[in-house]
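target-v6.json, holding JSON, C-alpha atoms:
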[["chain", "number", "residue", "atom", "x", "y", "z"],
["A", 1, "ASP", "CA", 15.17, 10.19, 9.53],
["A", 2, "THR", "CA", 16.69, 7.51, 7.30],
["A", 3, "GLU", "CA", 20.28, 8.22, 8.17],
["A", 4, "VAL", "CA", 23.02, 6.02, 9.52],
["A", 5, "THR", "CA", 25.96, 8.02, 10.84],
["A", 6, "GLN", "CA", 29.52, 6.81, 11.32],
["A", 7, "THR", "CA", 32.51, 8.31, 13.06],
["A", 8, "PRO", "CA", 35.26, 8.98, 12.36],
["A", 9, "LYS", "CA", 35.23, 9.46, 8.59],
["A", 10, "HIS", "CA", 38.92, 8.70, 8.34],
["A", 11, "LEU", "CA", 41.24, 6.86, 10.72],
["A", 12, "VAL", "CA", 44.95, 6.14, 10.52],
["A", 13, "MET", "CA", 46.33, 3.77, 13.14],
["A", 14, "GLY", "CA", 49.47, 1.83, 13.82],
["A", 15, "MET", "CA", 49.51, -1.91, 14.25],
["A", 16, "THR", "CA", 49.86, -1.61, 18.04],
["A", 17, "ASN", "CA", 47.08, 0.93, 18.50],
["A", 18, "LYS", "CA", 43.60, 0.41, 19.90],
["A", 19, "LYS", "CA", 40.80, 2.38, 18.28],
["A", 20, "SER", "CA", 37.03, 2.21, 17.90],
["A", 21, "LEU", "CA", 34.60, 2.89, 15.08],
["A", 22, "LYS", "CA", 31.14, 4.14, 15.95],
["A", 23, "CYS", "CA", 27.79, 3.86, 14.22],
["A", 24, "GLU", "CA", 24.39, 5.30, 15.13],
["A", 25, "GLN", "CA", 20.89, 5.10, 13.73],
["A", 26, "HIS", "CA", 17.56, 6.48, 14.93],
["A", 27, "MET", "CA", 15.19, 4.63, 12.63],
["A", 28, "GLY", "CA", 14.12, 2.13, 15.26],
["A", 29, "HIS", "CA", 15.91, -0.65, 13.40],
["A", 30, "ARG", "CA", 16.75, -3.65, 15.54],
["A", 31, "ALA", "CA", 19.30, -5.24, 13.19],
["A", 32, "MET", "CA", 22.71, -3.65, 12.69],
["A", 33, "TYR", "CA", 25.65, -4.75, 10.58],
["A", 34, "TRP", "CA", 29.36, -4.22, 10.01],
["A", 35, "TYR", "CA", 30.78, -4.66, 6.53],
["A", 36, "LYS", "CA", 34.29, -4.37, 5.17],
["A", 37, "GLN", "CA", 34.85, -3.03, 1.67],
["A", 38, "LYS", "CA", 38.13, -3.08, -0.20],
["A", 39, "ALA", "CA", 38.72, -0.79, -3.17],
["A", 40, "LYS", "CA", 36.65, -1.69, -6.24],
["A", 41, "LYS", "CA", 35.08, -4.66, -4.45],
["A", 42, "PRO", "CA", 31.60, -5.25, -3.04],
["A", 43, "PRO", "CA", 30.92, -5.01, 0.71],
["A", 44, "GLU", "CA", 31.69, -8.15, 2.71],
["A", 45, "LEU", "CA", 29.62, -8.94, 5.78],
["A", 46, "MET", "CA", 31.51, -9.10, 9.07],
["A", 47, "PHE", "CA", 28.95, -9.07, 11.90],
["A", 48, "VAL", "CA", 25.20, -8.91, 12.41],
["A", 49, "TYR", "CA", 23.44, -7.83, 15.60],
["A", 50, "SER", "CA", 19.79, -8.55, 16.14],
["A", 51, "TYR", "CA", 18.04, -7.01, 19.16],
["A", 52, "GLU", "CA", 21.46, -6.02, 20.51],
["A", 53, "LYS", "CA", 22.73, -9.59, 20.43],
["A", 54, "LEU", "CA", 25.42, -10.87, 18.10],
["A", 55, "SER", "CA", 23.72, -13.25, 15.69],
["A", 56, "ILE", "CA", 26.29, -13.62, 12.92],
["A", 57, "ASN", "CA", 30.09, -13.52, 12.97],
["A", 58, "GLU", "CA", 31.48, -14.27, 9.53],
["A", 59, "SER", "CA", 34.66, -15.83, 10.92],
["A", 60, "VAL", "CA", 36.19, -12.43, 11.54],
["A", 61, "PRO", "CA", 39.60, -12.36, 13.29],
["A", 62, "SER", "CA", 39.46, -11.54, 16.99],
["A", 63, "ARG", "CA", 41.39, -8.31, 16.46],
["A", 64, "PHE", "CA", 37.96, -6.95, 15.44],
["A", 65, "SER", "CA", 35.56, -6.82, 18.38],
["A", 66, "PRO", "CA", 31.98, -5.62, 17.87],
["A", 67, "GLU", "CA", 29.76, -4.18, 20.56],
["A", 68, "CYS", "CA", 26.13, -3.09, 20.58],
["A", 69, "PRO", "CA", 25.54, -0.95, 23.71],
["A", 70, "ASN", "CA", 21.90, -0.23, 22.83],
["A", 71, "SER", "CA", 19.48, -0.46, 19.93],
["A", 72, "SER", "CA", 20.80, 2.74, 18.31],
["A", 73, "LEU", "CA", 24.53, 2.28, 18.67],
["A", 74, "LEU", "CA", 27.07, -0.12, 17.21],
["A", 75, "ASN", "CA", 30.80, -0.06, 17.84],
["A", 76, "LEU", "CA", 33.72, -1.88, 16.29],
["A", 77, "HIS", "CA", 36.80, -2.09, 18.50],
["A", 78, "LEU", "CA", 40.10, -2.50, 16.72],
["A", 79, "HIS", "CA", 43.32, -3.84, 18.18],
["A", 80, "ALA", "CA", 46.57, -5.07, 16.70],
["A", 81, "LEU", "CA", 45.40, -4.68, 13.13],
["A", 82, "GLN", "CA", 47.42, -5.55, 10.07],
["A", 83, "PRO", "CA", 48.04, -3.38, 7.00],
["A", 84, "GLU", "CA", 45.75, -5.65, 4.98],
["A", 85, "ASP", "CA", 42.90, -4.58, 7.26],
["A", 86, "SER", "CA", 42.99, -1.17, 5.61],
["A", 87, "ALA", "CA", 39.59, -0.71, 3.99],
["A", 88, "LEU", "CA", 36.28, 1.15, 4.13],
["A", 89, "TYR", "CA", 34.22, -0.07, 7.09],
["A", 90, "LEU", "CA", 30.51, 0.28, 6.56],
["A", 91, "CYS", "CA", 27.73, 0.14, 9.10],
["A", 92, "ALA", "CA", 24.16, -0.67, 8.09],
["A", 93, "SER", "CA", 20.82, -1.18, 9.79],
["A", 94, "SER", "CA", 17.48, -2.74, 8.90],
["A", 95, "GLN", "CA", 14.15, -3.71, 10.36],
["A", 96, "VAL", "CA", 14.18, -7.18, 11.84],
["A", 97, "THR", "CA", 10.82, -8.07, 10.36],
["A", 98, "GLY", "CA", 9.32, -7.09, 7.05],
["A", 99, "GLY", "CA", 11.66, -6.07, 4.26],
["A", 100, "TYR", "CA", 15.34, -6.85, 4.16],
["A", 101, "GLU", "CA", 16.31, -3.38, 3.03],
["A", 102, "GLN", "CA", 19.55, -2.31, 4.68],
["A", 103, "TYR", "CA", 20.46, 1.34, 5.09],
["A", 104, "PHE", "CA", 24.18, 2.07, 4.96],
["A", 105, "GLY", "CA", 26.25, 4.76, 6.58],
["A", 106, "PRO", "CA", 29.00, 6.65, 4.72],
["A", 107, "GLY", "CA", 31.72, 4.45, 6.14],
["A", 108, "THR", "CA", 35.02, 4.95, 7.94],
["A", 109, "ARG", "CA", 38.11, 4.90, 5.76],
["A", 110, "LEU", "CA", 40.70, 2.99, 7.83],
["A", 111, "THR", "CA", 44.41, 2.95, 7.08],
["A", 112, "VAL", "CA", 46.69, 0.70, 9.11],
["A", 113, "THR", "CA", 50.36, 1.67, 9.01],
["B", 1, "GLY", "CA", 29.42, -21.50, -4.68],
["B", 2, "GLU", "CA", 26.13, -19.81, -5.35],
["B", 3, "SER", "CA", 26.47, -16.09, -5.69],
["B", 4, "VAL", "CA", 25.21, -12.98, -7.39],
["B", 5, "GLY", "CA", 27.28, -11.63, -10.24],
["B", 6, "LEU", "CA", 27.18, -8.84, -12.77],
["B", 7, "HIS", "CA", 27.72, -9.26, -16.48],
["B", 8, "LEU", "CA", 29.84, -6.19, -17.14],
["B", 9, "PRO", "CA", 32.25, -4.35, -14.87],
["B", 10, "THR", "CA", 31.84, -1.02, -16.68],
["B", 11, "LEU", "CA", 29.15, 0.78, -18.65],
["B", 12, "SER", "CA", 29.52, 4.09, -20.51],
["B", 13, "VAL", "CA", 26.28, 5.89, -21.32],
["B", 14, "GLN", "CA", 25.46, 9.09, -23.15],
["B", 15, "GLU", "CA", 23.57, 11.58, -21.02],
["B", 16, "GLY", "CA", 19.87, 11.33, -21.75],
["B", 17, "ASP", "CA", 20.04, 7.71, -22.94],
["B", 18, "ASN", "CA", 18.62, 4.79, -21.01],
["B", 19, "SER", "CA", 20.99, 2.54, -19.05],
["B", 20, "ILE", "CA", 20.61, -1.17, -18.49],
["B", 21, "ILE", "CA", 22.70, -2.92, -15.87],
["B", 22, "ASN", "CA", 22.54, -6.67, -15.69],
["B", 23, "CYS", "CA", 23.04, -9.20, -12.95],
["B", 24, "ALA", "CA", 22.92, -12.99, -12.94],
["B", 25, "TYR", "CA", 22.25, -15.05, -9.86],
["B", 26, "SER", "CA", 22.47, -18.74, -9.24],
["B", 27, "ASN", "CA", 20.63, -19.28, -5.96],
["B", 28, "SER", "CA", 17.10, -20.16, -7.02],
["B", 29, "ALA", "CA", 15.99, -20.10, -3.37],
["B", 30, "SER", "CA", 16.68, -16.37, -2.99],
["B", 31, "ASP", "CA", 13.44, -14.50, -2.44],
["B", 32, "TYR", "CA", 14.57, -10.90, -2.42],
["B", 33, "PHE", "CA", 16.87, -8.79, -4.55],
["B", 34, "ILE", "CA", 18.15, -5.25, -4.13],
["B", 35, "TRP", "CA", 19.98, -2.71, -6.24],
["B", 36, "TYR", "CA", 22.36, -0.30, -4.54],
["B", 37, "LYS", "CA", 24.17, 2.73, -5.91],
["B", 38, "GLN", "CA", 27.53, 3.69, -4.45],
["B", 39, "GLU", "CA", 29.07, 7.04, -5.30],
["B", 40, "SER", "CA", 32.72, 7.72, -4.72],
["B", 41, "GLY", "CA", 33.48, 8.20, -1.04],
["B", 42, "LYS", "CA", 29.99, 7.22, 0.10],
["B", 43, "GLY", "CA", 28.20, 4.18, 1.41],
["B", 44, "PRO", "CA", 25.81, 2.14, -0.77],
["B", 45, "GLN", "CA", 22.45, 3.83, -1.26],
["B", 46, "PHE", "CA", 19.28, 1.79, -1.69],
["B", 47, "ILE", "CA", 17.72, 2.24, -5.13],
["B", 48, "ILE", "CA", 14.99, -0.36, -5.52],
["B", 49, "ASP", "CA", 14.13, -3.89, -4.47],
["B", 50, "ILE", "CA", 12.03, -6.74, -5.78],
["B", 51, "ARG", "CA", 10.68, -9.94, -4.32],
["B", 52, "SER", "CA", 10.77, -13.22, -6.14],
["B", 53, "ASN", "CA", 6.98, -13.28, -6.59],
["B", 54, "MET", "CA", 7.26, -10.24, -8.86],
["B", 55, "ASP", "CA", 8.62, -9.79, -12.40],
["B", 56, "LYS", "CA", 8.90, -6.03, -12.51],
["B", 57, "ARG", "CA", 8.94, -3.09, -10.18],
["B", 58, "GLN", "CA", 9.18, 0.58, -11.03],
["B", 59, "GLY", "CA", 10.52, 3.52, -9.09],
["B", 60, "GLN", "CA", 11.42, 7.05, -9.99],
["B", 61, "ARG", "CA", 13.33, 6.74, -13.31],
["B", 62, "VAL", "CA", 14.33, 3.19, -12.41],
["B", 63, "THR", "CA", 12.84, -0.19, -13.20],
["B", 64, "VAL", "CA", 13.99, -3.57, -11.95],
["B", 65, "LEU", "CA", 13.18, -6.69, -13.93],
["B", 66, "LEU", "CA", 13.44, -10.20, -12.57],
["B", 67, "ASN", "CA", 13.54, -13.24, -14.85],
["B", 68, "LYS", "CA", 13.46, -16.29, -12.63],
["B", 69, "THR", "CA", 13.57, -18.69, -15.56],
["B", 70, "VAL", "CA", 17.10, -17.64, -16.49],
["B", 71, "LYS", "CA", 17.97, -16.23, -13.04],
["B", 72, "HIS", "CA", 18.58, -12.76, -14.35],
["B", 73, "LEU", "CA", 18.07, -9.37, -12.74],
["B", 74, "SER", "CA", 18.37, -6.01, -14.46],
["B", 75, "LEU", "CA", 18.20, -2.36, -13.52],
["B", 76, "GLN", "CA", 17.01, 0.13, -16.09],
["B", 77, "ILE", "CA", 17.67, 3.82, -15.59],
["B", 78, "ALA", "CA", 15.67, 6.17, -17.78],
["B", 79, "ALA", "CA", 17.17, 9.39, -19.17],
["B", 80, "THR", "CA", 20.54, 8.86, -17.51],
["B", 81, "GLN", "CA", 21.96, 11.95, -15.83],
["B", 82, "PRO", "CA", 25.51, 12.86, -14.75],
["B", 83, "GLY", "CA", 24.48, 12.24, -11.14],
["B", 84, "ASP", "CA", 23.84, 8.61, -12.04],
["B", 85, "SER", "CA", 27.57, 8.01, -12.43],
["B", 86, "ALA", "CA", 28.44, 5.51, -9.70],
["B", 87, "VAL", "CA", 29.05, 1.85, -8.99],
["B", 88, "TYR", "CA", 25.87, -0.22, -9.00],
["B", 89, "PHE", "CA", 25.61, -3.43, -6.98],
["B", 90, "CYS", "CA", 22.91, -6.04, -7.11],
["B", 91, "ALA", "CA", 22.44, -8.07, -3.96],
["B", 92, "GLU", "CA", 20.36, -11.09, -3.01],
["B", 93, "ASN", "CA", 18.97, -11.99, 0.35],
["B", 94, "LYS", "CA", 20.33, -15.31, 1.51],
["B", 95, "GLY", "CA", 18.26, -15.47, 4.68],
["B", 96, "ASP", "CA", 19.18, -14.56, 8.25],
["B", 97, "TYR", "CA", 19.80, -10.93, 7.31],
["B", 98, "LYS", "CA", 22.63, -11.84, 4.96],
["B", 99, "LEU", "CA", 22.99, -9.92, 1.73],
["B", 100, "SER", "CA", 25.28, -11.32, -0.95],
["B", 101, "PHE", "CA", 26.57, -8.60, -3.27],
["B", 102, "GLY", "CA", 27.55, -8.91, -6.89],
["B", 103, "ALA", "CA", 30.88, -7.58, -8.13],
["B", 104, "GLY", "CA", 29.49, -4.20, -9.21],
["B", 105, "THR", "CA", 29.15, -2.25, -12.46],
["B", 106, "THR", "CA", 30.76, 1.18, -12.79],
["B", 107, "VAL", "CA", 28.49, 3.48, -14.78],
["B", 108, "THR", "CA", 30.03, 6.54, -16.41],
["B", 109, "VAL", "CA", 27.73, 9.13, -17.96],
["B", 110, "ARG", "CA", 29.16, 11.04, -20.95],
["B", 111, "ALA", "CA", 28.05, 14.64, -21.41]]

Conversion result in structure tokens:
Amino acid sequence: DTEVTQTPKHLVMGMTNKKSLKCEQHMGHRAMYWYKQKAKKPPELMFVYSYEKLSINESVPSRFSPECPNSSLLNLHLHALQPEDSALYLCASSQVTGGYEQYFGPGTRLTVT
Amino acid sequence: GESVGLHLPTLSVQEGDNSIINCAYSNSASDYFIWYKQESGKGPQFIIDIRSNMDKRQGQRVTVLLNKTVKHLSLQIAATQPGDSAVYFCAENKGDYKLSFGAGTTVTVRA
């Protein structure tokens, strides 16, 4: 199984809402990532978890709060977002050792109104 | 800053022809490079990778070439098919799990 799943596929939320994005993988990968992708742009790294611990935060605003409950799950909690946060949010995973190949999920298309 | 970039934002190819997508990088310390394909509405899909101690690597219908002298990376797709229409990103490993993506090349296959 080389699949990374993400839910929901689409999300529309107001600026005062609280919502969460979910990501799951069953490849035994111990590194998991959140990326943000704007239209016609490459993915931009937001967070990296290694062995369920946050190892990289790319200076992401605190209205985005990641969580890694276990080695298979990764969440991104959203609160008080701005319209400019509308984007495709991608989750990825990779082995910690060996290759650097990252497997991506299909993404959640987020619209902030 | 040092980054990975692509030479052309778009590429139009006749079905059945070979495609060549180019990428230039500036970080000579990068030791690993990846090509991803992203179809509309989907996440990036791994195509092929190459380490800096290699010049060439082949996969199914794809070949990646690495020229460290001029810091150039290319992806060749043989006998391009309609299903190859997508955005192609090169990415370099910058250490500590970080991938730096190039701007992307949109490939359109003409029937």

Item to check | Interface, chain B side, toward chain A (8 Å; all atoms listed in the file) as a VMD selection string | outcome: chain B and resid 32 34 41 to 46 49 89 93 97 to 99 101 to 104

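Close contacts of Ser40 of chain B, defined as residues with an atom at most 10 Å away when counting all atoms listed in the file, with chain neighbours fewer than 6 positions off set aside, comprise Ser85, Ala86 and Val87 of chain B.
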
Contacts of segment 77-84 of chain A at 7 Å or less, counting all atoms listed in the file, minus same-chain residues fewer than 3 places along, as a compact mmCIF listing (two decimals) with C-alpha atoms, in the frame of the given file?
# COMPACT_ATOMS: atom_id res chain seq x y z
CA MET A 15 49.51 -1.91 14.25
CA THR A 16 49.86 -1.61 18.04
CA ASN A 17 47.08 0.93 18.50
CA LYS A 18 43.60 0.41 19.90
CA LYS A 19 40.80 2.38 18.28
CA SER A 20 37.03 2.21 17.90
CA LEU A 21 34.60 2.89 15.08
CA ARG A 63 41.39 -8.31 16.46
CA PHE A 64 37.96 -6.95 15.44
CA SER A 65 35.56 -6.82 18.38
CA PRO A 66 31.98 -5.62 17.87
CA VAL A 112 46.69 0.70 9.11
CA THR A 113 50.36 1.67 9.01

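Atom CA of Lys22 of chain A lies 14.8 Å from atom CA of Glu52 of chain A.
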
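Of the listed residues A:Lys53, A:Asp85, A:Glu58, A:Val12, the one whose atoms come nearest to Arg30 of chain A is A:Lys53, with distances taken using all atoms listed in the file.
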
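Near Gln81 of chain B, within 8 Å and counting all atoms listed in the file, sit Glu15, Gly16, Ser85 and Val109 of chain B; same-chain residues fewer than 4 positions away were not included.
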
Close residues, segment 60-76 of chain B itself excluded, 12 Å, all atoms listed in the file, min 3 positions apart in chain, as a PDB file with C-alpha atoms, keeping the file's coordinate frame:
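result-v5.pdb was written with the following content:
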ATOM      1  CA  GLU B   2      26.130 -19.810  -5.350  1.00  0.00           C
ATOM      2  CA  SER B   3      26.470 -16.090  -5.690  1.00  0.00           C
ATOM      3  CA  VAL B   4      25.210 -12.980  -7.390  1.00  0.00           C
ATOM      4  CA  GLY B   5      27.280 -11.630 -10.240  1.00  0.00           C
ATOM      5  CA  LEU B   6      27.180  -8.840 -12.770  1.00  0.00           C
ATOM      6  CA  HIS B   7      27.720  -9.260 -16.480  1.00  0.00           C
ATOM      7  CA  LEU B   8      29.840  -6.190 -17.140  1.00  0.00           C
ATOM      8  CA  GLY B  16      19.870  11.330 -21.750  1.00  0.00           C
ATOM      9  CA  ASP B  17      20.040   7.710 -22.940  1.00  0.00           C
ATOM     10  CA  ASN B  18      18.620   4.790 -21.010  1.00  0.00           C
ATOM     11  CA  SER B  19      20.990   2.540 -19.050  1.00  0.00           C
ATOM     12  CA  ILE B  20      20.610  -1.170 -18.490  1.00  0.00           C
ATOM     13  CA  ILE B  21      22.700  -2.920 -15.870  1.00  0.00           C
ATOM     14  CA  ASN B  22      22.540  -6.670 -15.690  1.00  0.00           C
ATOM     15  CA  CYS B  23      23.040  -9.200 -12.950  1.00  0.00           C
ATOM     16  CA  ALA B  24      22.920 -12.990 -12.940  1.00  0.00           C
ATOM     17  CA  TYR B  25      22.250 -15.050  -9.860  1.00  0.00           C
ATOM     18  CA  SER B  26      22.470 -18.740  -9.240  1.00  0.00           C
ATOM     19  CA  ASN B  27      20.630 -19.280  -5.960  1.00  0.00           C
ATOM     20  CA  SER B  28      17.100 -20.160  -7.020  1.00  0.00           C
ATOM     21  CA  ALA B  29      15.990 -20.100  -3.370  1.00  0.00           C
ATOM     22  CA  SER B  30      16.680 -16.370  -2.990  1.00  0.00           C
ATOM     23  CA  ASP B  31      13.440 -14.500  -2.440  1.00  0.00           C
ATOM     24  CA  TYR B  32      14.570 -10.900  -2.420  1.00  0.00           C
ATOM     25  CA  PHE B  33      16.870  -8.790  -4.550  1.00  0.00           C
ATOM     26  CA  ILE B  34      18.150  -5.250  -4.130  1.00  0.00           C
ATOM     27  CA  TRP B  35      19.980  -2.710  -6.240  1.00  0.00           C
ATOM     28  CA  TYR B  36      22.360  -0.300  -4.540  1.00  0.00           C
ATOM     29  CA  LYS B  37      24.170   2.730  -5.910  1.00  0.00           C
ATOM     30  CA  PHE B  46      19.280   1.790  -1.690  1.00  0.00           C
ATOM     31  CA  ILE B  47      17.720   2.240  -5.130  1.00  0.00           C
ATOM     32  CA  ILE B  48      14.990  -0.360  -5.520  1.00  0.00           C
ATOM     33  CA  ASP B  49      14.130  -3.890  -4.470  1.00  0.00           C
ATOM     34  CA  ILE B  50      12.030  -6.740  -5.780  1.00  0.00           C
ATOM     35  CA  ARG B  51      10.680  -9.940  -4.320  1.00  0.00           C
ATOM     36  CA  SER B  52      10.770 -13.220  -6.140  1.00  0.00           C
ATOM     37  CA  ASN B  53       6.980 -13.280  -6.590  1.00  0.00           C
ATOM     38  CA  MET B  54       7.260 -10.240  -8.860  1.00  0.00           C
ATOM     39  CA  ASP B  55       8.620  -9.790 -12.400  1.00  0.00           C
ATOM     40  CA  LYS B  56       8.900  -6.030 -12.510  1.00  0.00           C
ATOM     41  CA  ARG B  57       8.940  -3.090 -10.180  1.00  0.00           C
ATOM     42  CA  ALA B  79      17.170   9.390 -19.170  1.00  0.00           C
ATOM     43  CA  THR B  80      20.540   8.860 -17.510  1.00  0.00           C
ATOM     44  CA  GLN B  81      21.960  11.950 -15.830  1.00  0.00           C
ATOM     45  CA  ASP B  84      23.840   8.610 -12.040  1.00  0.00           C
ATOM     46  CA  TYR B  88      25.870  -0.220  -9.000  1.00  0.00           C
ATOM     47  CA  PHE B  89      25.610  -3.430  -6.980  1.00  0.00           C
ATOM     48  CA  CYS B  90      22.910  -6.040  -7.110  1.00  0.00           C
ATOM     49  CA  ALA B  91      22.440  -8.070  -3.960  1.00  0.00           C
ATOM     50  CA  GLU B  92      20.360 -11.090  -3.010  1.00  0.00           C
ATOM     51  CA  GLY B 102      27.550  -8.910  -6.890  1.00  0.00           C
ATOM     52  CA  THR B 105      29.150  -2.250 -12.460  1.00  0.00           C
ATOM     53  CA  VAL B 107      28.490   3.480 -14.780  1.00  0.00           C
TER      54      VAL B 107
END

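Closest to Lys38 of chain A among A:Leu110, A:Leu74, A:Val60, A:Ala87 is A:Ala87, based on all atoms listed in the file.
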
Next on the checklist: Can you measure atom CA of Met13 of chain A to atom CA of Ala39 of chain A for me? One decimal in Å is fine.
Outcome noted: 18.6 Å

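For the pair atom CA of Ser71 of chain A and atom CA of Gly28 of chain A, the separation is 7.6 Å.
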
Next on the checklist: Please determine, counting all atoms listed in the file, which residue among A:His10, A:Tyr51, A:Asn57, A:Ser93 has the shortest atom-to-atom distance to Pro69 of chain A.
Outcome noted: A:Tyr51

Checklist entry - Using all atoms listed in the file, which of A:Cys68, A:Gly14, A:Gln25, A:Tyr35 sits nearest Ser100 of chain B? => result A:Tyr35

Quick one: what's the axis-aligned box for segment 22-28 of chain B, all listed atoms, 4 Å on every side, centre and edges in Å to one decimal, as lines of an AutoDock Vina configuration file?
center_x = 20.1
center_y = -13.4
center_z = -10.8
size_x = 13.9
size_y = 21.5
size_z = 17.7
